[in-house]
Amino acid sequence: MSSSKFSSACVESIAYIGDGIYVGSKEAANDALLAEEGIGSVISFVGSEKSAPKLSSNIQHKIVVVADNDAADLAKTYADNGIAEFIDEATKGSGTVFVHCDEGASRSVAFLMMYFIEKTHCTVAQAFK
């Protein structure tokens, strides 16, 4: 998809990537913006549960604790935490999900690439596009 439908205040930290999926940084995971845009589900990839954003109870919020370093086993974390299932459920119909880590650049993008590779059977290079 072409551009984010989010307000210009957060456009630098969030991007629409298609099929009801948004990606960005933790700063964009706030109740006001999520409610304004009709986002009902969030996945937070964080170093500790304490560092996850506090969201209202009407937001379906999955917190996945995973280190942001080379030693983290992302494939195991992806498989063990039902990430694909959560995204599938969140994006049913016209649903949307916001996927973030601290900066919106490494963990969130890596997990979304795994999701697209699994769902579309594409190559890593194709998922990166």
# chains A, B, ... in the order shown; residues from 1 in each chain; ligands from 1
$ residues_around --residues "A:Ile87" --least-positions-apart "3" --cutoff "9 Å" --atoms "only C-alpha atoms" --output "ChimeraX atom specification"
/A:21,41,43,82-84,90-92,96-97,115
$ select_by_dssp --residues "chain A" --states "helix (DSSP H, G or I)" --output "ChimeraX atom specification"
/A:11-13,26-28,31-37,49-51,74-80,83-90,107-120,124-128
$ write_last_selection --atoms "N, CA and C atoms" --output "CSV table (one decimal), in the first residue's frame"
chain,number,residue,atom,x,y,z
A,11,VAL,N,3.5,9.9,11.4
A,11,VAL,CA,3.8,9.3,10.1
A,11,VAL,C,5.2,8.8,10.1
A,12,GLU,N,6.2,9.4,10.8
A,12,GLU,CA,7.6,8.9,10.8
A,12,GLU,C,7.8,7.7,11.6
A,13,SER,N,6.8,7.3,12.4
A,13,SER,CA,7.0,6.1,13.3
A,13,SER,C,6.1,5.0,13.0
A,26,LYS,N,7.3,2.0,19.2
A,26,LYS,CA,6.5,1.9,20.4
A,26,LYS,C,5.8,3.3,20.7
A,27,GLU,N,6.4,4.4,20.3
A,27,GLU,CA,5.8,5.7,20.6
A,27,GLU,C,4.4,5.8,19.9
A,28,ALA,N,4.2,5.1,18.8
A,28,ALA,CA,2.9,5.2,18.1
A,28,ALA,C,1.8,4.3,18.7
A,31,ASP,N,-3.3,4.8,23.1
A,31,ASP,CA,-4.7,4.6,23.0
A,31,ASP,C,-5.4,5.6,22.1
A,32,ALA,N,-5.0,6.9,22.2
A,32,ALA,CA,-5.7,7.9,21.4
A,32,ALA,C,-5.5,7.7,19.9
A,33,LEU,N,-4.3,7.4,19.5
A,33,LEU,CA,-4.1,7.2,18.0
A,33,LEU,C,-4.7,5.9,17.6
A,34,LEU,N,-4.6,4.8,18.4
A,34,LEU,CA,-5.2,3.6,18.0
A,34,LEU,C,-6.7,3.7,17.9
A,35,ALA,N,-7.4,4.4,18.8
A,35,ALA,CA,-8.8,4.6,18.8
A,35,ALA,C,-9.2,5.4,17.6
A,36,GLU,N,-8.5,6.5,17.4
A,36,GLU,CA,-8.8,7.4,16.3
A,36,GLU,C,-8.8,6.7,14.9
A,37,GLU,N,-7.8,5.7,14.8
A,37,GLU,CA,-7.7,5.0,13.5
A,37,GLU,C,-8.4,3.7,13.5
A,49,GLU,N,8.3,-7.2,29.9
A,49,GLU,CA,6.8,-6.8,30.0
A,49,GLU,C,6.7,-5.4,30.5
A,50,LYS,N,7.5,-5.0,31.4
A,50,LYS,CA,7.5,-3.6,32.0
A,50,LYS,C,7.6,-2.6,30.9
A,51,SER,N,8.3,-2.8,29.8
A,51,SER,CA,8.6,-1.8,28.8
A,51,SER,C,7.5,-1.8,27.7
A,74,LEU,N,14.7,-15.8,17.1
A,74,LEU,CA,13.5,-15.2,16.6
A,74,LEU,C,12.5,-16.3,16.1
A,75,ALA,N,13.1,-17.3,15.4
A,75,ALA,CA,12.3,-18.3,14.8
A,75,ALA,C,11.5,-19.1,15.9
A,76,LYS,N,12.2,-19.4,17.0
A,76,LYS,CA,11.5,-20.1,18.1
A,76,LYS,C,10.5,-19.2,18.8
A,77,THR,N,10.8,-17.9,19.0
A,77,THR,CA,9.9,-17.0,19.5
A,77,THR,C,8.6,-16.8,18.7
A,78,TYR,N,8.8,-16.8,17.4
A,78,TYR,CA,7.7,-16.7,16.4
A,78,TYR,C,6.8,-17.9,16.6
A,79,ALA,N,7.4,-19.1,16.6
A,79,ALA,CA,6.6,-20.4,16.6
A,79,ALA,C,6.0,-20.5,18.0
A,80,ASP,N,6.7,-20.2,19.1
A,80,ASP,CA,6.1,-20.5,20.4
A,80,ASP,C,5.1,-19.5,20.9
A,83,ILE,N,2.3,-16.0,16.8
A,83,ILE,CA,2.3,-14.7,16.2
A,83,ILE,C,1.4,-14.7,14.9
A,84,ALA,N,1.6,-15.7,14.1
A,84,ALA,CA,0.8,-15.8,12.8
A,84,ALA,C,-0.7,-15.9,13.1
A,85,GLU,N,-1.0,-16.7,14.1
A,85,GLU,CA,-2.4,-16.8,14.5
A,85,GLU,C,-3.0,-15.5,15.0
A,86,PHE,N,-2.2,-14.8,15.8
A,86,PHE,CA,-2.7,-13.5,16.3
A,86,PHE,C,-3.0,-12.5,15.2
A,87,ILE,N,-2.0,-12.4,14.2
A,87,ILE,CA,-2.2,-11.5,13.1
A,87,ILE,C,-3.4,-12.0,12.2
A,88,ASP,N,-3.5,-13.2,12.0
A,88,ASP,CA,-4.6,-13.7,11.2
A,88,ASP,C,-6.0,-13.4,11.8
A,89,GLU,N,-6.1,-13.6,13.1
A,89,GLU,CA,-7.3,-13.3,13.8
A,89,GLU,C,-7.6,-11.8,13.8
A,90,ALA,N,-6.5,-11.0,14.1
A,90,ALA,CA,-6.7,-9.5,14.1
A,90,ALA,C,-7.1,-8.9,12.8
A,107,ARG,N,13.0,-6.0,15.3
A,107,ARG,CA,12.2,-7.2,15.8
A,107,ARG,C,10.9,-7.2,15.1
A,108,SER,N,10.2,-6.1,15.0
A,108,SER,CA,8.8,-6.1,14.4
A,108,SER,C,8.9,-6.4,12.9
A,109,VAL,N,9.9,-5.9,12.2
A,109,VAL,CA,10.0,-6.2,10.8
A,109,VAL,C,10.5,-7.6,10.6
A,110,ALA,N,11.4,-8.1,11.4
A,110,ALA,CA,11.8,-9.5,11.3
A,110,ALA,C,10.6,-10.5,11.4
A,111,PHE,N,9.8,-10.2,12.4
A,111,PHE,CA,8.6,-11.1,12.7
A,111,PHE,C,7.6,-11.0,11.5
A,112,LEU,N,7.4,-9.8,11.0
A,112,LEU,CA,6.5,-9.6,9.9
A,112,LEU,C,7.0,-10.3,8.6
A,113,MET,N,8.3,-10.3,8.4
A,113,MET,CA,8.9,-11.0,7.3
A,113,MET,C,8.6,-12.5,7.4
A,114,MET,N,8.8,-13.1,8.7
A,114,MET,CA,8.5,-14.5,8.9
A,114,MET,C,7.1,-14.8,8.6
A,115,TYR,N,6.2,-13.9,9.0
A,115,TYR,CA,4.8,-14.0,8.7
A,115,TYR,C,4.5,-14.1,7.2
A,116,PHE,N,5.0,-13.1,6.5
A,116,PHE,CA,4.7,-13.1,5.0
A,116,PHE,C,5.4,-14.3,4.3
A,117,ILE,N,6.5,-14.7,4.7
A,117,ILE,CA,7.1,-15.9,4.1
A,117,ILE,C,6.3,-17.1,4.4
A,118,GLU,N,5.8,-17.3,5.6
A,118,GLU,CA,4.9,-18.4,6.0
A,118,GLU,C,3.6,-18.4,5.2
A,119,LYS,N,3.0,-17.3,5.1
A,119,LYS,CA,1.7,-17.2,4.5
A,119,LYS,C,1.7,-17.2,3.0
A,120,THR,N,2.7,-16.6,2.4
A,120,THR,CA,2.7,-16.5,0.9
A,120,THR,C,3.8,-17.5,0.3
A,124,VAL,N,12.9,-14.7,1.0
A,124,VAL,CA,13.2,-13.6,1.9
A,124,VAL,C,13.2,-12.3,1.1
A,125,ALA,N,13.8,-12.3,-0.1
A,125,ALA,CA,13.9,-11.1,-0.9
A,125,ALA,C,12.5,-10.6,-1.3
A,126,GLN,N,11.6,-11.5,-1.6
A,126,GLN,CA,10.2,-11.0,-1.9
A,126,GLN,C,9.5,-10.5,-0.7
A,127,ALA,N,9.7,-11.1,0.5
A,127,ALA,CA,9.1,-10.6,1.7
A,127,ALA,C,9.6,-9.2,2.1
A,128,PHE,N,10.9,-9.0,1.7
A,128,PHE,CA,11.5,-7.7,2.1
A,128,PHE,C,10.8,-6.5,1.3
$ closest_residue --among "A:Val65, A:Ile39, A:Asn58, A:Ala71" --to "A:Tyr22" --atoms "only C-alpha atoms"
A:Ile39
$ select_by_dssp --residues "chain A" --states "strand (DSSP E or B)" --output "JSON, numbers by chain"
{"A": [14, 15, 16, 17, 18, 21, 22, 23, 24, 25, 41, 42, 43, 44, 45, 46, 60, 61, 62, 63, 64, 65, 97, 98, 99, 100, 101]}
$ write_last_selection --atoms "C-alpha atoms" --output "PDB file, in the first residue's frame"
ATOM      1  CA  ILE A  14       4.314   4.043  11.633  1.00  0.00           C
ATOM      2  CA  ALA A  15       3.707   2.600   8.176  1.00  0.00           C
ATOM      3  CA  TYR A  16       0.878   0.688   6.514  1.00  0.00           C
ATOM      4  CA  ILE A  17       2.284  -2.375   4.775  1.00  0.00           C
ATOM      5  CA  GLY A  18      -0.934  -3.919   3.529  1.00  0.00           C
ATOM      6  CA  ILE A  21      -1.064  -4.635   8.981  1.00  0.00           C
ATOM      7  CA  TYR A  22       0.793  -1.593  10.280  1.00  0.00           C
ATOM      8  CA  VAL A  23       4.343  -1.501  11.633  1.00  0.00           C
ATOM      9  CA  GLY A  24       6.144   1.101  13.670  1.00  0.00           C
ATOM     10  CA  SER A  25       7.759   2.180  16.879  1.00  0.00           C
ATOM     11  CA  SER A  41      -5.076  -5.217  18.001  1.00  0.00           C
ATOM     12  CA  VAL A  42      -1.426  -4.620  18.866  1.00  0.00           C
ATOM     13  CA  ILE A  43       1.626  -6.864  19.086  1.00  0.00           C
ATOM     14  CA  SER A  44       4.443  -5.457  21.222  1.00  0.00           C
ATOM     15  CA  PHE A  45       7.904  -7.009  20.779  1.00  0.00           C
ATOM     16  CA  VAL A  46       9.726  -5.738  23.840  1.00  0.00           C
ATOM     17  CA  GLN A  60      -6.383  -6.746  22.058  1.00  0.00           C
ATOM     18  CA  HIS A  61      -2.730  -6.604  23.119  1.00  0.00           C
ATOM     19  CA  LYS A  62      -0.190  -9.402  22.706  1.00  0.00           C
ATOM     20  CA  ILE A  63       3.114  -8.784  24.489  1.00  0.00           C
ATOM     21  CA  VAL A  64       6.060 -10.864  23.294  1.00  0.00           C
ATOM     22  CA  VAL A  65       9.254 -10.569  25.331  1.00  0.00           C
ATOM     23  CA  VAL A  97      -3.164  -4.865  13.704  1.00  0.00           C
ATOM     24  CA  PHE A  98      -0.286  -2.608  14.701  1.00  0.00           C
ATOM     25  CA  VAL A  99       3.026  -4.456  15.141  1.00  0.00           C
ATOM     26  CA  HIS A 100       5.832  -2.658  16.927  1.00  0.00           C
ATOM     27  CA  CYS A 101       9.093  -2.950  18.778  1.00  0.00           C
TER      28      CYS A 101
END
$ atom_distance --atom1 "atom CA of A:Ala67" --atom2 "atom CA of A:Ala29"
19.1 Å
$ closest_residue --among "A:Gly40, A:Asn30, A:Gly95, A:His121" --to "A:Ile59" --atoms "only C-alpha atoms"
A:Gly40
$ atom_distance --atom1 "atom CA of A:Gly38" --atom2 "atom CA of A:Asp68"
28.9 Å
